[in-house]
>>> print(open('protein19.pdb').read())   # PDB, C-alpha atoms
MODEL        1
ATOM      1  CA  MET A 108      28.749  10.564 -24.203
ATOM      2  CA  THR A 109      25.310   8.977 -24.231
ATOM      3  CA  GLN A 110      22.571  10.238 -22.026
ATOM      4  CA  LYS A 111      20.458   7.811 -20.014
ATOM      5  CA  PRO A 112      16.866   7.609 -21.179
ATOM      6  CA  PRO A 113      14.345   8.946 -18.674
ATOM      7  CA  ARG A 114      12.930   6.462 -16.197
ATOM      8  CA  GLN A 115       9.680   4.822 -17.265
ATOM      9  CA  GLY A 116       7.417   4.944 -14.217
ATOM     10  CA  LEU A 117       5.436   1.768 -13.686
ATOM     11  CA  THR A 118       2.239   0.936 -11.862
ATOM     12  CA  LEU A 119       2.638  -2.278  -9.875
ATOM     13  CA  VAL A 120      -0.213  -4.103  -8.144
ATOM     14  CA  PHE A 121       0.325  -6.773  -5.491
ATOM     15  CA  THR A 122      -3.016  -8.504  -4.910
ATOM     16  CA  GLY A 123      -4.564 -11.821  -3.910
ATOM     17  CA  ASP A 124      -5.749 -13.606  -0.785
ATOM     18  CA  GLY A 125      -2.309 -14.773   0.372
ATOM     19  CA  LYS A 126       0.101 -13.168   2.815
ATOM     20  CA  GLY A 127       2.975 -11.117   1.441
ATOM     21  CA  LYS A 128       1.545  -8.190  -0.507
ATOM     22  CA  THR A 129       2.791  -5.534   1.920
ATOM     23  CA  THR A 130       6.023  -7.481   2.346
ATOM     24  CA  ALA A 131       6.571  -7.328  -1.433
ATOM     25  CA  ALA A 132       5.992  -3.564  -1.359
ATOM     26  CA  ILE A 133       8.458  -3.210   1.530
ATOM     27  CA  GLY A 134      11.061  -5.236  -0.354
ATOM     28  CA  LEU A 135      10.580  -3.001  -3.374
ATOM     29  CA  THR A 136      10.953   0.041  -1.081
ATOM     30  CA  VAL A 137      14.263  -1.268   0.264
ATOM     31  CA  ARG A 138      15.493  -1.927  -3.282
ATOM     32  CA  ALA A 139      14.477   1.571  -4.388
ATOM     33  CA  VAL A 140      16.215   3.231  -1.426
ATOM     34  CA  GLY A 141      19.315   1.150  -2.171
ATOM     35  CA  ASN A 142      19.245   2.788  -5.604
ATOM     36  CA  HIS A 143      19.035   6.304  -4.094
ATOM     37  CA  MET A 144      15.346   6.755  -4.810
ATOM     38  CA  ARG A 145      12.905   8.630  -2.555
ATOM     39  CA  VAL A 146       9.857   6.650  -1.423
ATOM     40  CA  PHE A 147       6.566   7.670   0.169
ATOM     41  CA  PHE A 148       4.856   4.710   1.875
ATOM     42  CA  LEU A 149       1.203   5.387   2.757
ATOM     43  CA  GLN A 150      -0.773   2.779   4.692
ATOM     44  CA  PHE A 151      -4.554   2.577   4.465
ATOM     45  CA  ILE A 152      -6.657   0.257   6.692
ATOM     46  CA  LYS A 153      -3.842  -1.200   8.806
ATOM     47  CA  GLY A 154      -4.349   0.861  11.941
ATOM     48  CA  GLN A 155      -2.005   2.371  14.482
ATOM     49  CA  TRP A 156      -0.582  -0.740  16.176
ATOM     50  CA  LYS A 157       3.193  -1.170  16.382
ATOM     51  CA  THR A 158       4.712  -3.258  13.606
ATOM     52  CA  GLY A 159       8.324  -4.133  12.885
ATOM     53  CA  GLU A 160       8.183  -2.958   9.292
ATOM     54  CA  ARG A 161       7.080   0.546  10.276
ATOM     55  CA  ASP A 162      10.046   0.963  12.615
ATOM     56  CA  VAL A 163      12.450  -0.109   9.862
ATOM     57  CA  LEU A 164      10.816   1.996   7.145
ATOM     58  CA  ARG A 165      10.844   5.087   9.360
ATOM     59  CA  GLY A 166      14.575   4.574   9.904
ATOM     60  CA  LEU A 167      15.489   4.250   6.234
ATOM     61  CA  PRO A 168      16.962   7.353   4.635
ATOM     62  CA  GLY A 169      14.798   8.498   1.754
ATOM     63  CA  VAL A 170      11.562   6.937   3.050
ATOM     64  CA  ASP A 171       8.604   8.880   4.389
ATOM     65  CA  LEU A 172       5.829   6.827   5.973
ATOM     66  CA  GLU A 173       2.319   7.857   6.904
ATOM     67  CA  VAL A 174      -0.389   5.662   8.413
ATOM     68  CA  THR A 175      -3.911   6.878   7.827
ATOM     69  CA  GLY A 176      -5.905   3.734   8.528
ATOM     70  CA  ARG A 177      -7.845   3.039  11.708
ATOM     71  CA  GLY A 178      -7.680  -0.757  11.475
ATOM     72  CA  PHE A 179      -9.503  -3.534   9.676
ATOM     73  CA  THR A 180     -12.821  -2.700   8.041
ATOM     74  CA  ILE A 181     -13.934  -6.307   7.436
ATOM     75  CA  GLU A 182     -16.785  -6.789   9.882
ATOM     76  CA  SER A 183     -15.404 -10.012  11.408
ATOM     77  CA  LEU A 184     -12.042  -8.308  12.138
ATOM     78  CA  ARG A 185     -13.206  -4.739  12.773
ATOM     79  CA  ASN A 186     -12.787  -3.227  16.225
ATOM     80  CA  PRO A 187     -16.370  -2.380  17.247
ATOM     81  CA  ASN A 188     -15.072   0.602  19.252
ATOM     82  CA  ILE A 189     -14.055   2.350  16.018
ATOM     83  CA  PRO A 190     -17.152   3.552  14.145
ATOM     84  CA  MET A 191     -17.210   3.199  10.359
ATOM     85  CA  GLU A 192     -17.381   7.001  10.179
ATOM     86  CA  ASP A 193     -13.853   7.101  11.648
ATOM     87  CA  HIS A 194     -12.648   4.621   9.030
ATOM     88  CA  ALA A 195     -14.268   6.730   6.317
ATOM     89  CA  ALA A 196     -12.656   9.936   7.599
ATOM     90  CA  ALA A 197      -9.235   8.260   7.846
ATOM     91  CA  ALA A 198      -9.532   6.891   4.306
ATOM     92  CA  ALA A 199     -10.674  10.272   2.954
ATOM     93  CA  HIS A 200      -7.634  11.914   4.535
ATOM     94  CA  GLY A 201      -5.345   9.188   3.196
ATOM     95  CA  TRP A 202      -6.825   9.538  -0.272
ATOM     96  CA  GLN A 203      -6.209  13.310  -0.237
ATOM     97  CA  VAL A 204      -2.595  12.695   0.852
ATOM     98  CA  ALA A 205      -2.162  10.057  -1.869
ATOM     99  CA  GLN A 206      -3.419  12.331  -4.632
ATOM    100  CA  HIS A 207      -1.199  15.184  -3.490
ATOM    101  CA  ILE A 208       1.932  13.039  -3.084
ATOM    102  CA  VAL A 209       1.509  11.286  -6.446
ATOM    103  CA  HIS A 210       1.341  14.604  -8.301
ATOM    104  CA  ALA A 211       3.806  16.610  -6.163
ATOM    105  CA  GLY A 212       6.874  15.246  -7.934
ATOM    106  CA  GLU A 213       8.941  14.848  -4.737
ATOM    107  CA  TYR A 214       9.198  11.040  -4.802
ATOM    108  CA  ASP A 215      10.401   8.380  -7.212
ATOM    109  CA  VAL A 216       8.167   5.665  -5.736
ATOM    110  CA  VAL A 217       4.802   5.972  -3.989
ATOM    111  CA  VAL A 218       3.339   2.941  -2.220
ATOM    112  CA  LEU A 219      -0.372   2.941  -1.409
ATOM    113  CA  ASP A 220      -0.496  -0.038   0.935
ATOM    114  CA  GLU A 221      -3.949  -1.617   1.365
ATOM    115  CA  ILE A 222      -5.521   0.902  -0.988
ATOM    116  CA  LEU A 223      -7.487  -1.993  -2.493
ATOM    117  CA  GLY A 224      -8.963  -2.737   0.937
ATOM    118  CA  ALA A 225     -10.115   0.881   1.101
ATOM    119  CA  VAL A 226     -11.652   0.506  -2.369
ATOM    120  CA  SER A 227     -13.376  -2.785  -1.413
ATOM    121  CA  ALA A 228     -14.796  -1.174   1.728
ATOM    122  CA  GLY A 229     -16.244   1.658  -0.369
ATOM    123  CA  LEU A 230     -13.941   4.216   1.279
ATOM    124  CA  VAL A 231     -12.022   5.186  -1.891
ATOM    125  CA  PRO A 232     -13.820   5.250  -5.270
ATOM    126  CA  LEU A 233     -12.351   2.803  -7.806
ATOM    127  CA  GLU A 234     -12.869   5.290 -10.657
ATOM    128  CA  GLU A 235     -10.744   7.860  -8.836
ATOM    129  CA  LEU A 236      -7.962   5.322  -8.196
ATOM    130  CA  VAL A 237      -7.905   4.310 -11.871
ATOM    131  CA  ALA A 238      -7.839   8.010 -12.836
ATOM    132  CA  LEU A 239      -4.881   8.548 -10.472
ATOM    133  CA  VAL A 240      -3.006   5.668 -12.100
ATOM    134  CA  LYS A 241      -3.651   7.111 -15.551
ATOM    135  CA  SER A 242      -2.659  10.659 -14.559
ATOM    136  CA  LYS A 243       0.463   9.938 -12.491
ATOM    137  CA  PRO A 244       3.724  11.516 -13.610
ATOM    138  CA  ALA A 245       5.425   9.490 -16.350
ATOM    139  CA  THR A 246       8.538   8.801 -14.255
ATOM    140  CA  LEU A 247       6.765   7.853 -10.994
ATOM    141  CA  HIS A 248       6.592   4.230  -9.885
ATOM    142  CA  LEU A 249       3.234   3.656  -8.171
ATOM    143  CA  VAL A 250       2.711   0.537  -6.037
ATOM    144  CA  LEU A 251      -0.772  -0.554  -4.965
ATOM    145  CA  THR A 252      -1.489  -3.427  -2.569
ATOM    146  CA  GLY A 253      -4.516  -5.276  -1.271
ATOM    147  CA  ARG A 254      -6.923  -8.076  -2.016
ATOM    148  CA  GLY A 255      -9.277  -8.193  -4.959
ATOM    149  CA  ALA A 256      -7.749  -5.953  -7.625
ATOM    150  CA  PRO A 257     -10.668  -5.102  -9.920
ATOM    151  CA  PRO A 258     -10.302  -5.685 -13.690
ATOM    152  CA  GLU A 259     -10.213  -1.930 -14.423
ATOM    153  CA  LEU A 260      -7.150  -1.564 -12.211
ATOM    154  CA  VAL A 261      -5.484  -4.683 -13.606
ATOM    155  CA  ASP A 262      -5.935  -3.221 -17.100
ATOM    156  CA  ALA A 263      -4.410   0.127 -16.064
ATOM    157  CA  ALA A 264      -1.374  -1.438 -14.321
ATOM    158  CA  ASP A 265       1.942  -2.424 -15.864
ATOM    159  CA  LEU A 266       2.645  -5.322 -13.504
ATOM    160  CA  VAL A 267       0.170  -7.348 -11.457
ATOM    161  CA  SER A 268       1.294 -10.104  -9.099
ATOM    162  CA  GLU A 269      -1.233 -12.280  -7.341
ATOM    163  CA  VAL A 270      -0.328 -13.838  -4.002
ATOM    164  CA  GLN A 271      -2.337 -17.015  -3.375
ATOM    165  CA  PRO A 272      -2.514 -18.976  -0.126
ATOM    166  CA  ILE A 273      -1.409 -22.591  -0.279
ATOM    167  CA  LYS A 274      -0.983 -23.213   3.439
ATOM    168  CA  HIS A 275      -1.057 -20.884   6.443
ATOM    169  CA  PRO A 276      -0.278 -21.582  10.125
ATOM    170  CA  PHE A 277      -3.539 -19.893  11.140
ATOM    171  CA  ASP A 278      -5.335 -22.857   9.540
ATOM    172  CA  GLN A 279      -3.657 -25.054  12.179
ATOM    173  CA  GLY A 280      -4.694 -22.695  15.000
ATOM    174  CA  ILE A 281      -1.332 -20.900  15.232
ATOM    175  CA  LYS A 282      -1.761 -17.197  15.952
ATOM    176  CA  ALA A 283       0.097 -14.456  14.045
ATOM    177  CA  GLN A 284       3.772 -14.417  14.984
ATOM    178  CA  ARG A 285       5.686 -11.183  15.681
ATOM    179  CA  GLY A 286       8.418 -10.696  13.101
ATOM    180  CA  ILE A 287       6.696 -12.965  10.602
ATOM    181  CA  GLU A 288       3.264 -11.435  10.082
ATOM    182  CA  PHE A 289       3.651  -8.011  11.714
TER     183      PHE A 289
ENDMDL
END
>>> encode(input="protein19.pdb", output="structure tokens")
Amino acid sequence: MTQKPPRQGLTLVFTGDGKGKTTAAIGLTVRAVGNHMRVFFLQFIKGQWKTGERDVLRGLPGVDLEVTGRGFTIESLRNPNIPMEDHAAAAAHGWQVAQHIVHAGEYDVVVLDEILGAVSAGLVPLEELVALVKSKPATLHLVLTGRGAPPELVDAADLVSEVQPIKHPFDQGIKAQRGIEF
């Protein structure tokens, strides 16, 4: 009887300026759960508003979801009622959770959704994220999403997919549609 080789944990990065990075991570989460894997899905940046994907993820057996973000940090999209100090505190908490969860050994897959947005906003140090990637358990799959993956992270990852916009309804003045974009 042959024994299965141990799982080789991968680091996957979904980046780029197009829509679909979180959606790719959610699809991967569904696939993992369908293969009896435990997933921790941690959202940075995205805020507390109600989204369809959160309701589904919270209902999936084997998925734990935590939202630590306070909303967009890009100045043109940022809610002026939320001070940057609140964003910084939320990101610091999320980063502590991420480091603990990655090394705790309780999950097969950990998704750090919009972690690259937190890095771009200066809320999570890039060097610490790269160190986390390099020190993760050998069997853990780590998924990172967000725009602008820096070269150091691309080099440390096993798979990098870039989502590029070709056409978007917003360009024609069509607002975000429930069930499609959130």
>>> resolve_selection(input="protein19.pdb", expression="the PyMOL selection byres ((chain A and resi 146) around 10)", output="MDAnalysis selection string")
chainID A and resid 135:137 139:140 143:145 147:149 164 167:172 213:218 248:249
>>> residues_around(input="protein19.pdb", residues="Ala195 of chain A", least_positions_apart="2", cutoff="9 Å", atoms="all atoms listed in the file", output="PyMOL selection string")
chain A and resi 190-193+197-200+225+229-231
>>> closest_residue(input="protein19.pdb", among="A:Ala264, A:Ala211, A:Ala196, A:Ile287", to="Gly159 of chain A", atoms="all atoms listed in the file")
A:Ile287
>>> atom_distance(input="protein19.pdb", atom1="atom CA of Val174 of chain A", atom2="atom CA of Asp278 of chain A")
29.0 Å
>>> atom_distance(input="protein19.pdb", atom1="atom CA of Gly286 of chain A", atom2="atom CA of Val163 of chain A")
11.8 Å
